[in-house]
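entry-v9.tsv, holding TSV, N, CA and C atoms:
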```tsv
chain	number	residue	atom	x	y	z
A	286	MET	N	18.63	17.94	10.71
A	286	MET	CA	17.76	17.41	9.67
A	286	MET	C	18.56	16.77	8.54
A	287	GLY	N	19.75	17.33	8.26
A	287	GLY	CA	20.57	16.81	7.18
A	287	GLY	C	21.04	15.39	7.46
A	288	ASP	N	21.40	15.12	8.72
A	288	ASP	CA	21.86	13.78	9.08
A	288	ASP	C	20.73	12.76	8.95
A	289	LEU	N	19.53	13.17	9.29
A	289	LEU	CA	18.36	12.30	9.15
A	289	LEU	C	18.14	11.95	7.68
A	290	LEU	N	18.26	12.92	6.81
A	290	LEU	CA	18.10	12.69	5.37
A	290	LEU	C	19.20	11.76	4.85
A	291	ASP	N	20.41	11.91	5.36
A	291	ASP	CA	21.51	11.01	4.98
A	291	ASP	C	21.18	9.57	5.31
A	292	TRP	N	20.65	9.34	6.50
A	292	TRP	CA	20.35	7.97	6.92
A	292	TRP	C	19.15	7.41	6.16
A	293	ILE	N	18.19	8.26	5.81
A	293	ILE	CA	17.05	7.80	5.02
A	293	ILE	C	17.50	7.36	3.63
A	294	ILE	N	18.35	8.15	3.01
A	294	ILE	CA	18.87	7.79	1.69
A	294	ILE	C	19.71	6.51	1.77
A	295	SER	N	20.52	6.41	2.80
A	295	SER	CA	21.32	5.20	3.00
A	295	SER	C	20.42	3.98	3.20
A	296	PHE	N	19.38	4.14	3.95
A	296	PHE	CA	18.44	3.04	4.19
A	296	PHE	C	17.79	2.60	2.88
A	297	LEU	N	17.42	3.55	2.03
A	297	LEU	CA	16.81	3.22	0.74
A	297	LEU	C	17.80	2.48	-0.16
A	298	PHE	N	19.06	2.92	-0.16
A	298	PHE	CA	20.11	2.20	-0.90
A	298	PHE	C	20.18	0.74	-0.43
A	299	LEU	N	20.24	0.55	0.87
A	299	LEU	CA	20.39	-0.80	1.43
A	299	LEU	C	19.18	-1.68	1.16
A	300	VAL	N	18.00	-1.12	1.26
A	300	VAL	CA	16.79	-1.91	0.97
A	300	VAL	C	16.77	-2.32	-0.50
A	301	THR	N	17.18	-1.42	-1.38
A	301	THR	CA	17.25	-1.76	-2.80
A	301	THR	C	18.26	-2.87	-3.05
A	302	LEU	N	19.43	-2.77	-2.42
A	302	LEU	CA	20.43	-3.83	-2.53
A	302	LEU	C	19.88	-5.16	-2.02
A	303	LEU	N	19.19	-5.11	-0.90
A	303	LEU	CA	18.62	-6.32	-0.32
A	303	LEU	C	17.60	-6.96	-1.26
A	304	ILE	N	16.78	-6.16	-1.88
A	304	ILE	CA	15.79	-6.67	-2.83
A	304	ILE	C	16.46	-7.32	-4.03
A	305	ILE	N	17.52	-6.70	-4.54
A	305	ILE	CA	18.23	-7.25	-5.69
A	305	ILE	C	18.85	-8.60	-5.36
A	306	VAL	N	19.49	-8.71	-4.21
A	306	VAL	CA	20.15	-9.97	-3.84
A	306	VAL	C	19.11	-11.05	-3.53
A	307	ILE	N	18.01	-10.69	-2.90
A	307	ILE	CA	16.94	-11.66	-2.65
A	307	ILE	C	16.34	-12.14	-3.97
A	308	TYR	N	16.22	-11.26	-4.94
A	308	TYR	CA	15.73	-11.65	-6.27
A	308	TYR	C	16.66	-12.67	-6.91
A	309	GLN	N	17.97	-12.44	-6.79
A	309	GLN	CA	18.94	-13.39	-7.34
A	309	GLN	C	18.83	-14.74	-6.63
A	310	LEU	N	18.70	-14.70	-5.32
A	310	LEU	CA	18.57	-15.93	-4.54
A	310	LEU	C	17.29	-16.68	-4.91
A	311	THR	N	16.23	-15.96	-5.17
A	311	THR	CA	14.97	-16.57	-5.58
A	311	THR	C	15.12	-17.26	-6.94
A	312	CYS	N	15.83	-16.61	-7.85
A	312	CYS	CA	16.07	-17.22	-9.16
A	312	CYS	C	16.88	-18.51	-9.02
A	313	LEU	N	17.86	-18.52	-8.14
A	313	LEU	CA	18.65	-19.73	-7.90
A	313	LEU	C	17.82	-20.83	-7.25
A	314	ALA	N	16.94	-20.44	-6.33
A	314	ALA	CA	16.07	-21.43	-5.68
A	314	ALA	C	15.07	-22.01	-6.69
A	315	ASP	N	14.56	-21.18	-7.58
A	315	ASP	CA	13.66	-21.68	-8.62
A	315	ASP	C	14.37	-22.65	-9.55
A	316	LEU	N	15.63	-22.36	-9.84
A	316	LEU	CA	16.41	-23.27	-10.68
A	316	LEU	C	16.63	-24.61	-9.98
A	317	GLU	N	16.91	-24.55	-8.69
A	317	GLU	CA	17.14	-25.78	-7.93
A	317	GLU	C	15.88	-26.64	-7.88
A	318	ALA	N	14.72	-26.00	-7.82
A	318	ALA	CA	13.45	-26.73	-7.75
A	318	ALA	C	12.89	-27.05	-9.13
A	319	ASP	N	13.64	-26.76	-10.17
A	319	ASP	CA	13.23	-27.00	-11.56
A	319	ASP	C	11.96	-26.24	-11.97
A	320	HIS	N	11.77	-25.06	-11.40
A	320	HIS	CA	10.65	-24.22	-11.83
A	320	HIS	C	11.04	-23.32	-13.00
A	321	ILE	N	12.34	-23.24	-13.28
A	321	ILE	CA	12.83	-22.37	-14.33
A	321	ILE	C	14.04	-23.06	-14.96
A	322	ASN	N	14.29	-22.79	-16.23
A	322	ASN	CA	15.44	-23.42	-16.88
A	322	ASN	C	16.71	-22.58	-16.65
A	323	PRO	N	17.88	-23.18	-16.83
A	323	PRO	CA	19.14	-22.47	-16.53
A	323	PRO	C	19.34	-21.20	-17.36
A	324	TYR	N	18.89	-21.21	-18.60
A	324	TYR	CA	19.06	-20.02	-19.44
A	324	TYR	C	18.27	-18.83	-18.88
A	325	ASP	N	17.02	-19.06	-18.56
A	325	ASP	CA	16.18	-17.98	-18.01
A	325	ASP	C	16.72	-17.50	-16.66
A	326	SER	N	17.15	-18.44	-15.83
A	326	SER	CA	17.67	-18.09	-14.51
A	326	SER	C	18.93	-17.23	-14.64
A	327	SER	N	19.86	-17.66	-15.49
A	327	SER	CA	21.10	-16.89	-15.64
A	327	SER	C	20.83	-15.53	-16.29
A	328	THR	N	19.89	-15.47	-17.20
A	328	THR	CA	19.53	-14.18	-17.82
A	328	THR	C	18.97	-13.21	-16.79
A	329	LYS	N	18.09	-13.71	-15.94
A	329	LYS	CA	17.50	-12.85	-14.90
A	329	LYS	C	18.54	-12.39	-13.90
A	330	ILE	N	19.44	-13.29	-13.51
A	330	ILE	CA	20.48	-12.93	-12.54
A	330	ILE	C	21.46	-11.94	-13.15
A	331	ASN	N	21.91	-12.23	-14.38
A	331	ASN	CA	22.90	-11.36	-15.02
A	331	ASN	C	22.37	-9.96	-15.30
A	332	ARG	N	21.06	-9.84	-15.45
A	332	ARG	CA	20.45	-8.53	-15.70
A	332	ARG	C	20.58	-7.59	-14.50
A	333	VAL	N	20.67	-8.14	-13.29
A	333	VAL	CA	20.71	-7.29	-12.09
A	333	VAL	C	22.07	-7.26	-11.40
A	334	ILE	N	23.07	-7.97	-11.96
A	334	ILE	CA	24.39	-8.01	-11.33
A	334	ILE	C	25.06	-6.63	-11.37
A	335	LEU	N	25.17	-6.04	-12.53
A	335	LEU	CA	25.86	-4.75	-12.63
A	335	LEU	C	25.15	-3.63	-11.88
A	336	PRO	N	23.80	-3.57	-11.90
A	336	PRO	CA	23.16	-2.56	-11.05
A	336	PRO	C	23.46	-2.78	-9.56
A	337	GLU	N	23.54	-4.04	-9.13
A	337	GLU	CA	23.89	-4.31	-7.73
A	337	GLU	C	25.30	-3.80	-7.42
A	338	PHE	N	26.25	-4.09	-8.30
A	338	PHE	CA	27.63	-3.66	-8.08
A	338	PHE	C	27.74	-2.14	-8.07
A	339	CYS	N	27.06	-1.49	-9.00
A	339	CYS	CA	27.09	-0.02	-9.07
A	339	CYS	C	26.44	0.59	-7.83
A	340	LEU	N	25.34	0.03	-7.41
A	340	LEU	CA	24.64	0.54	-6.23
A	340	LEU	C	25.50	0.38	-4.98
A	341	GLN	N	26.22	-0.73	-4.86
A	341	GLN	CA	27.10	-0.93	-3.71
A	341	GLN	C	28.24	0.09	-3.75
A	342	GLY	N	28.79	0.34	-4.93
A	342	GLY	CA	29.84	1.35	-5.06
A	342	GLY	C	29.34	2.74	-4.72
A	343	LEU	N	28.15	3.07	-5.21
A	343	LEU	CA	27.56	4.38	-4.90
A	343	LEU	C	27.30	4.54	-3.41
A	344	LEU	N	26.89	3.45	-2.76
A	344	LEU	CA	26.64	3.50	-1.32
A	344	LEU	C	27.92	3.80	-0.56
A	345	CYS	N	29.02	3.15	-0.93
A	345	CYS	CA	30.31	3.41	-0.26
A	345	CYS	C	30.75	4.85	-0.48
A	346	VAL	N	30.62	5.34	-1.71
A	346	VAL	CA	30.99	6.73	-2.00
A	346	VAL	C	30.08	7.68	-1.22
A	347	TYR	N	28.80	7.35	-1.13
A	347	TYR	CA	27.86	8.18	-0.38
A	347	TYR	C	28.24	8.27	1.09
A	348	TYR	N	28.63	7.14	1.68
A	348	TYR	CA	29.06	7.15	3.08
A	348	TYR	C	30.29	8.02	3.27
A	349	VAL	N	31.23	7.95	2.34
A	349	VAL	CA	32.45	8.77	2.45
A	349	VAL	C	32.10	10.25	2.31
A	350	LEU	N	31.25	10.58	1.33
A	350	LEU	CA	30.90	11.98	1.10
A	350	LEU	C	30.10	12.59	2.25
A	351	THR	N	29.31	11.76	2.93
A	351	THR	CA	28.52	12.29	4.05
A	351	THR	C	29.26	12.20	5.38
A	352	GLY	N	30.44	11.60	5.36
A	352	GLY	CA	31.25	11.56	6.57
A	352	GLY	C	30.90	10.45	7.54
A	353	HIS	N	30.21	9.43	7.09
A	353	HIS	CA	29.88	8.28	7.92
A	353	HIS	C	30.96	7.22	7.73
A	354	TRP	N	32.08	7.43	8.40
A	354	TRP	CA	33.28	6.62	8.16
A	354	TRP	C	33.11	5.18	8.61
A	355	PHE	N	32.44	4.96	9.72
A	355	PHE	CA	32.25	3.59	10.19
A	355	PHE	C	31.46	2.77	9.18
A	356	MET	N	30.41	3.35	8.65
A	356	MET	CA	29.60	2.63	7.66
A	356	MET	C	30.36	2.44	6.35
A	357	ALA	N	31.20	3.42	5.99
A	357	ALA	CA	32.01	3.27	4.78
A	357	ALA	C	32.98	2.12	4.93
A	358	ILE	N	33.62	2.02	6.09
A	358	ILE	CA	34.56	0.93	6.34
A	358	ILE	C	33.83	-0.40	6.41
A	359	LEU	N	32.64	-0.41	6.99
A	359	LEU	CA	31.84	-1.63	7.08
A	359	LEU	C	31.39	-2.10	5.70
A	360	SER	N	31.20	-1.18	4.77
A	360	SER	CA	30.75	-1.53	3.42
A	360	SER	C	31.89	-1.94	2.49
A	361	LEU	N	33.12	-1.63	2.87
A	361	LEU	CA	34.25	-1.91	1.99
A	361	LEU	C	34.44	-3.39	1.66
A	362	PRO	N	34.33	-4.34	2.61
A	362	PRO	CA	34.52	-5.74	2.22
A	362	PRO	C	33.57	-6.21	1.12
A	363	HIS	N	32.33	-5.80	1.20
A	363	HIS	CA	31.35	-6.16	0.17
A	363	HIS	C	31.75	-5.54	-1.17
A	364	LEU	N	32.17	-4.28	-1.14
A	364	LEU	CA	32.58	-3.60	-2.36
A	364	LEU	C	33.82	-4.27	-2.96
A	365	PHE	N	34.81	-4.58	-2.14
A	365	PHE	CA	36.03	-5.21	-2.64
A	365	PHE	C	35.74	-6.60	-3.20
A	366	TYR	N	34.83	-7.32	-2.58
A	366	TYR	CA	34.44	-8.63	-3.09
A	366	TYR	C	33.80	-8.49	-4.47
A	367	ASN	N	32.92	-7.51	-4.63
A	367	ASN	CA	32.29	-7.28	-5.93
A	367	ASN	C	33.31	-6.87	-6.98
A	368	ILE	N	34.26	-6.02	-6.59
A	368	ILE	CA	35.31	-5.60	-7.54
A	368	ILE	C	36.17	-6.80	-7.94
A	369	ARG	N	36.50	-7.65	-6.98
A	369	ARG	CA	37.30	-8.84	-7.29
A	369	ARG	C	36.55	-9.76	-8.26
A	370	LEU	N	35.27	-9.97	-8.02
A	370	LEU	CA	34.48	-10.79	-8.94
A	370	LEU	C	34.47	-10.18	-10.34
A	371	TYR	N	34.32	-8.87	-10.42
A	371	TYR	CA	34.25	-8.21	-11.72
A	371	TYR	C	35.59	-8.28	-12.44
A	372	MET	N	36.68	-8.07	-11.72
A	372	MET	CA	38.01	-8.10	-12.34
A	372	MET	C	38.39	-9.50	-12.83
A	373	LYS	N	37.96	-10.53	-12.10
A	373	LYS	CA	38.24	-11.90	-12.52
A	373	LYS	C	37.23	-12.41	-13.54
A	374	LYS	N	36.26	-11.57	-13.88
A	374	LYS	CA	35.18	-11.92	-14.80
A	374	LYS	C	34.37	-13.13	-14.32
A	375	GLU	N	34.14	-13.17	-13.00
A	375	GLU	CA	33.33	-14.23	-12.39
A	375	GLU	C	31.99	-13.70	-11.90
A	376	HIS	N	31.64	-12.50	-12.30
A	376	HIS	CA	30.43	-11.88	-11.77
A	376	HIS	C	29.15	-12.36	-12.45
A	377	LEU	N	29.23	-12.82	-13.69
A	377	LEU	CA	28.05	-13.25	-14.41
A	377	LEU	C	27.79	-14.73	-14.20
A	378	ALA	N	26.53	-15.09	-14.16
A	378	ALA	CA	26.15	-16.50	-14.02
A	378	ALA	C	26.31	-17.20	-15.37
A	379	ASP	N	26.97	-18.35	-15.36
A	379	ASP	CA	27.22	-19.12	-16.57
A	379	ASP	C	26.10	-20.12	-16.77
A	380	VAL	N	25.49	-20.09	-17.94
A	380	VAL	CA	24.35	-20.96	-18.24
A	380	VAL	C	24.75	-22.43	-18.15
A	381	THR	N	25.93	-22.75	-18.65
A	381	THR	CA	26.34	-24.16	-18.71
A	381	THR	C	26.71	-24.73	-17.35
A	382	GLU	N	27.03	-23.87	-16.39
A	382	GLU	CA	27.46	-24.33	-15.07
A	382	GLU	C	26.45	-24.03	-13.97
A	383	MET	N	25.25	-23.63	-14.33
A	383	MET	CA	24.27	-23.20	-13.33
A	383	MET	C	23.94	-24.32	-12.34
A	384	HIS	N	23.75	-25.53	-12.81
A	384	HIS	CA	23.39	-26.62	-11.90
A	384	HIS	C	24.57	-27.03	-11.02
A	385	ASN	N	25.79	-26.94	-11.56
A	385	ASN	CA	26.97	-27.35	-10.80
A	385	ASN	C	27.35	-26.34	-9.71
A	386	THR	N	27.11	-25.08	-9.95
A	386	THR	CA	27.54	-24.03	-9.02
A	386	THR	C	26.39	-23.45	-8.22
A	387	ASN	N	25.22	-24.03	-8.29
A	387	ASN	CA	24.03	-23.46	-7.66
A	387	ASN	C	24.19	-23.31	-6.15
A	388	LYS	N	24.66	-24.34	-5.48
A	388	LYS	CA	24.80	-24.27	-4.01
A	388	LYS	C	25.80	-23.19	-3.60
A	389	GLY	N	26.93	-23.13	-4.29
A	389	GLY	CA	27.94	-22.10	-3.98
A	389	GLY	C	27.41	-20.70	-4.22
A	390	GLU	N	26.69	-20.53	-5.30
A	390	GLU	CA	26.11	-19.22	-5.62
A	390	GLU	C	25.07	-18.82	-4.58
A	391	GLN	N	24.28	-19.79	-4.14
A	391	GLN	CA	23.29	-19.49	-3.10
A	391	GLN	C	23.98	-19.08	-1.81
A	392	LYS	N	25.07	-19.75	-1.47
A	392	LYS	CA	25.80	-19.43	-0.25
A	392	LYS	C	26.39	-18.02	-0.33
A	393	LYS	N	26.91	-17.64	-1.49
A	393	LYS	CA	27.45	-16.29	-1.68
A	393	LYS	C	26.35	-15.24	-1.48
A	394	ARG	N	25.18	-15.51	-2.04
A	394	ARG	CA	24.06	-14.57	-1.90
A	394	ARG	C	23.60	-14.48	-0.45
A	395	LEU	N	23.62	-15.61	0.26
A	395	LEU	CA	23.22	-15.58	1.66
A	395	LEU	C	24.19	-14.75	2.50
A	396	TYR	N	25.49	-14.85	2.22
A	396	TYR	CA	26.46	-14.01	2.92
A	396	TYR	C	26.23	-12.54	2.61
A	397	LYS	N	25.93	-12.25	1.34
A	397	LYS	CA	25.64	-10.86	0.97
A	397	LYS	C	24.41	-10.35	1.71
A	398	ILE	N	23.38	-11.19	1.78
A	398	ILE	CA	22.17	-10.79	2.49
A	398	ILE	C	22.47	-10.53	3.96
A	399	GLY	N	23.28	-11.38	4.56
A	399	GLY	CA	23.66	-11.18	5.96
A	399	GLY	C	24.39	-9.87	6.17
A	400	HIS	N	25.32	-9.56	5.28
A	400	HIS	CA	26.08	-8.31	5.40
A	400	HIS	C	25.18	-7.10	5.20
A	401	ILE	N	24.34	-7.15	4.19
A	401	ILE	CA	23.44	-6.03	3.92
A	401	ILE	C	22.44	-5.86	5.07
A	402	THR	N	21.98	-6.97	5.64
A	402	THR	CA	21.04	-6.90	6.77
A	402	THR	C	21.71	-6.26	7.98
A	403	LEU	N	22.96	-6.63	8.25
A	403	LEU	CA	23.71	-6.01	9.34
A	403	LEU	C	23.82	-4.50	9.13
A	404	CYS	N	24.18	-4.11	7.91
A	404	CYS	CA	24.27	-2.67	7.61
A	404	CYS	C	22.91	-1.98	7.72
A	405	THR	N	21.85	-2.69	7.34
A	405	THR	CA	20.50	-2.12	7.44
A	405	THR	C	20.11	-1.91	8.90
A	406	PHE	N	20.43	-2.85	9.78
A	406	PHE	CA	20.12	-2.68	11.19
A	406	PHE	C	20.90	-1.51	11.80
A	407	ILE	N	22.15	-1.39	11.46
A	407	ILE	CA	22.95	-0.28	11.98
A	407	ILE	C	22.41	1.04	11.45
A	408	THR	N	22.07	1.07	10.16
A	408	THR	CA	21.50	2.28	9.57
A	408	THR	C	20.16	2.62	10.21
A	409	SER	N	19.35	1.60	10.49
A	409	SER	CA	18.06	1.85	11.15
A	409	SER	C	18.25	2.45	12.53
A	410	TYR	N	19.25	1.95	13.25
A	410	TYR	CA	19.55	2.50	14.56
A	410	TYR	C	19.90	3.98	14.45
A	411	TRP	N	20.80	4.32	13.53
A	411	TRP	CA	21.21	5.71	13.39
A	411	TRP	C	20.10	6.59	12.82
A	412	LEU	N	19.25	5.99	12.01
A	412	LEU	CA	18.09	6.72	11.49
A	412	LEU	C	17.15	7.10	12.63
A	413	ILE	N	16.85	6.15	13.50
A	413	ILE	CA	15.97	6.42	14.65
A	413	ILE	C	16.64	7.40	15.60
A	414	HIS	N	17.94	7.20	15.83
A	414	HIS	CA	18.69	8.09	16.71
A	414	HIS	C	18.67	9.53	16.18
A	415	SER	N	18.85	9.71	14.90
A	415	SER	CA	18.81	11.04	14.30
A	415	SER	C	17.41	11.63	14.33
A	416	ALA	N	16.40	10.79	14.11
A	416	ALA	CA	15.01	11.27	14.14
A	416	ALA	C	14.63	11.75	15.53
A	417	LEU	N	15.04	10.99	16.54
A	417	LEU	CA	14.71	11.38	17.91
A	417	LEU	C	15.53	12.58	18.36
A	418	GLY	N	16.72	12.73	17.80
A	418	GLY	CA	17.56	13.88	18.14
A	418	GLY	C	17.05	15.17	17.55
A	419	ASP	N	16.29	15.08	16.47
A	419	ASP	CA	15.75	16.27	15.81
A	419	ASP	C	14.45	16.76	16.46
A	420	ILE	N	13.89	15.98	17.38
A	420	ILE	CA	12.61	16.37	18.00
A	420	ILE	C	12.83	17.49	18.99
```

For the structure just supplied, provide its representation as structure tokens.
Amino acid sequence: MGDLLDWIISFLFLVTLLIIVIYQLTCLADLEADHINPYDSSTKINRVILPEFCLQGLLCVYYVLTGHWFMAILSLPHLFYNIRLYMKKEHLADVTEMHNTNKGEQKKRLYKIGHITLCTFITSYWLIHSALGDI
């Protein structure tokens, strides 16, 4: 039962991360379509950047603490990328450069979504496997 609870918590972490990154991508798409101005878009994105980074870090620590080494190793590239962005102070969206960097920022978010989706599918598999094993 404990392993099933681990995978459920992991799944909730991943779904929350996915929602945050999709929200950021939506803000960038709205900016591209001129539905929102650059100031509002960057404010909305910057408000959820640090929670995303913290949540990703907590997820990696959670995998290590629960002994899910494969998932911890799979999550490390995303975590290291976020740490690199934070250390270089490139993690926040710049209001003055929003239109110039929009395509690149969208591409970064799409890669993040792909990685999180892969982790979500693997977690779903282990969640179902653990649920069926407990029957």

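Note that the spacing between atom CA of A:His400 and atom C of A:Asp319 amounts to 28.7 Å.
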
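The two atoms in question, atom C of A:Ile330 and atom C of A:Gly389, are spaced 13.9 Å apart.
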
*Using all atoms listed in the file, find the one residue out of A:Leu302, A:Leu412, A:Ala378, A:Cys345 that sits nearest to A:Ser326.*
A:Ala378

_Just list as a VMD selection string whatever in stretch 312-392 of chain A DSSP marks as alpha helix (DSSP H)._
chain A and resid 312 to 317 323 to 351 354 to 372 383 to 392

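In this comparison, which uses only C-alpha atoms, the residue of A:Ala314, A:Lys374, A:Leu303, A:Lys329 approaching A:Thr402 most closely is A:Leu303.
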
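Going from atom C of A:Lys388 over to atom CA of A:Ala318, you cover 13.5 Å.
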
Kindly compute an axis-aligned box around the listed atoms of stretch 306-323 of chain A, allowing 6 Å on each side, and express its centre and edge lengths in Å to one decimal as lines of an AutoDock Vina configuration file.
```
center_x = 15.4
center_y = -17.9
center_z = -10.0
size_x = 21.5
size_y = 30.3
size_z = 26.7
```

*Between A:Leu313, A:Leu359, A:Ile304, A:Cys404, which one has atoms that come closest to A:Gln391, using all atoms listed in the file?*
A:Leu313

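Considering the residues A:Tyr347, A:Tyr396, A:Phe298, A:Trp292 and counting only C-alpha atoms, A:Ser415 has its shortest atom-to-atom contact with A:Trp292.
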
Show which residues sit within 8 Å of A:Ala357, as a PDB file with N, CA and C atoms, in the frame of the given file. Count all atoms listed in the file, and ignore same-chain residues fewer than 3 positions away.
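Output (out26.pdb):
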```
ATOM      1  N   LEU A 344      26.890   3.450  -2.760  1.00  0.00           N
ATOM      2  CA  LEU A 344      26.640   3.500  -1.320  1.00  0.00           C
ATOM      3  C   LEU A 344      27.920   3.800  -0.560  1.00  0.00           C
ATOM      4  N   CYS A 345      29.020   3.150  -0.930  1.00  0.00           N
ATOM      5  CA  CYS A 345      30.310   3.410  -0.260  1.00  0.00           C
ATOM      6  C   CYS A 345      30.750   4.850  -0.480  1.00  0.00           C
ATOM      7  N   VAL A 346      30.620   5.340  -1.710  1.00  0.00           N
ATOM      8  CA  VAL A 346      30.990   6.730  -2.000  1.00  0.00           C
ATOM      9  C   VAL A 346      30.080   7.680  -1.220  1.00  0.00           C
ATOM     10  N   TYR A 347      28.800   7.350  -1.130  1.00  0.00           N
ATOM     11  CA  TYR A 347      27.860   8.180  -0.380  1.00  0.00           C
ATOM     12  C   TYR A 347      28.240   8.270   1.090  1.00  0.00           C
ATOM     13  N   TYR A 348      28.630   7.140   1.680  1.00  0.00           N
ATOM     14  CA  TYR A 348      29.060   7.150   3.080  1.00  0.00           C
ATOM     15  C   TYR A 348      30.290   8.020   3.270  1.00  0.00           C
ATOM     16  N   VAL A 349      31.230   7.950   2.340  1.00  0.00           N
ATOM     17  CA  VAL A 349      32.450   8.770   2.450  1.00  0.00           C
ATOM     18  C   VAL A 349      32.100  10.250   2.310  1.00  0.00           C
ATOM     19  N   GLY A 352      30.440  11.600   5.360  1.00  0.00           N
ATOM     20  CA  GLY A 352      31.250  11.560   6.570  1.00  0.00           C
ATOM     21  C   GLY A 352      30.900  10.450   7.540  1.00  0.00           C
ATOM     22  N   HIS A 353      30.210   9.430   7.090  1.00  0.00           N
ATOM     23  CA  HIS A 353      29.880   8.280   7.920  1.00  0.00           C
ATOM     24  C   HIS A 353      30.960   7.220   7.730  1.00  0.00           C
ATOM     25  N   TRP A 354      32.080   7.430   8.400  1.00  0.00           N
ATOM     26  CA  TRP A 354      33.280   6.620   8.160  1.00  0.00           C
ATOM     27  C   TRP A 354      33.110   5.180   8.610  1.00  0.00           C
ATOM     28  N   SER A 360      31.200  -1.180   4.770  1.00  0.00           N
ATOM     29  CA  SER A 360      30.750  -1.530   3.420  1.00  0.00           C
ATOM     30  C   SER A 360      31.890  -1.940   2.490  1.00  0.00           C
ATOM     31  N   LEU A 361      33.120  -1.630   2.870  1.00  0.00           N
ATOM     32  CA  LEU A 361      34.250  -1.910   1.990  1.00  0.00           C
ATOM     33  C   LEU A 361      34.440  -3.390   1.660  1.00  0.00           C
ATOM     34  N   PRO A 362      34.330  -4.340   2.610  1.00  0.00           N
ATOM     35  CA  PRO A 362      34.520  -5.740   2.220  1.00  0.00           C
ATOM     36  C   PRO A 362      33.570  -6.210   1.120  1.00  0.00           C
TER      37      PRO A 362
END
```

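Taking all atoms listed in the file, the non-local environment of stretch 333-342 of chain A within 8 Å (same-chain residues fewer than 6 positions away omitted) comprises Phe298, Leu299, Thr301, Leu302, Ile305, Val306, Gln309, Ser327, Tyr348, Ser360, His363, Leu364, Asn367, Ile368, His376, Leu377 and Ala378 of chain A.
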
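Using all atoms listed in the file for every distance, the candidate list A:Ile401, A:Phe365, A:Ile293, A:His384 yields A:His384 as the residue closest to A:Glu317.
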
*Compare A:Met383, A:Met356, A:Leu310, A:Leu289 by their minimum atom-to-atom distance to A:Thr405, counting only C-alpha atoms, and give me the closest one.*
A:Met356
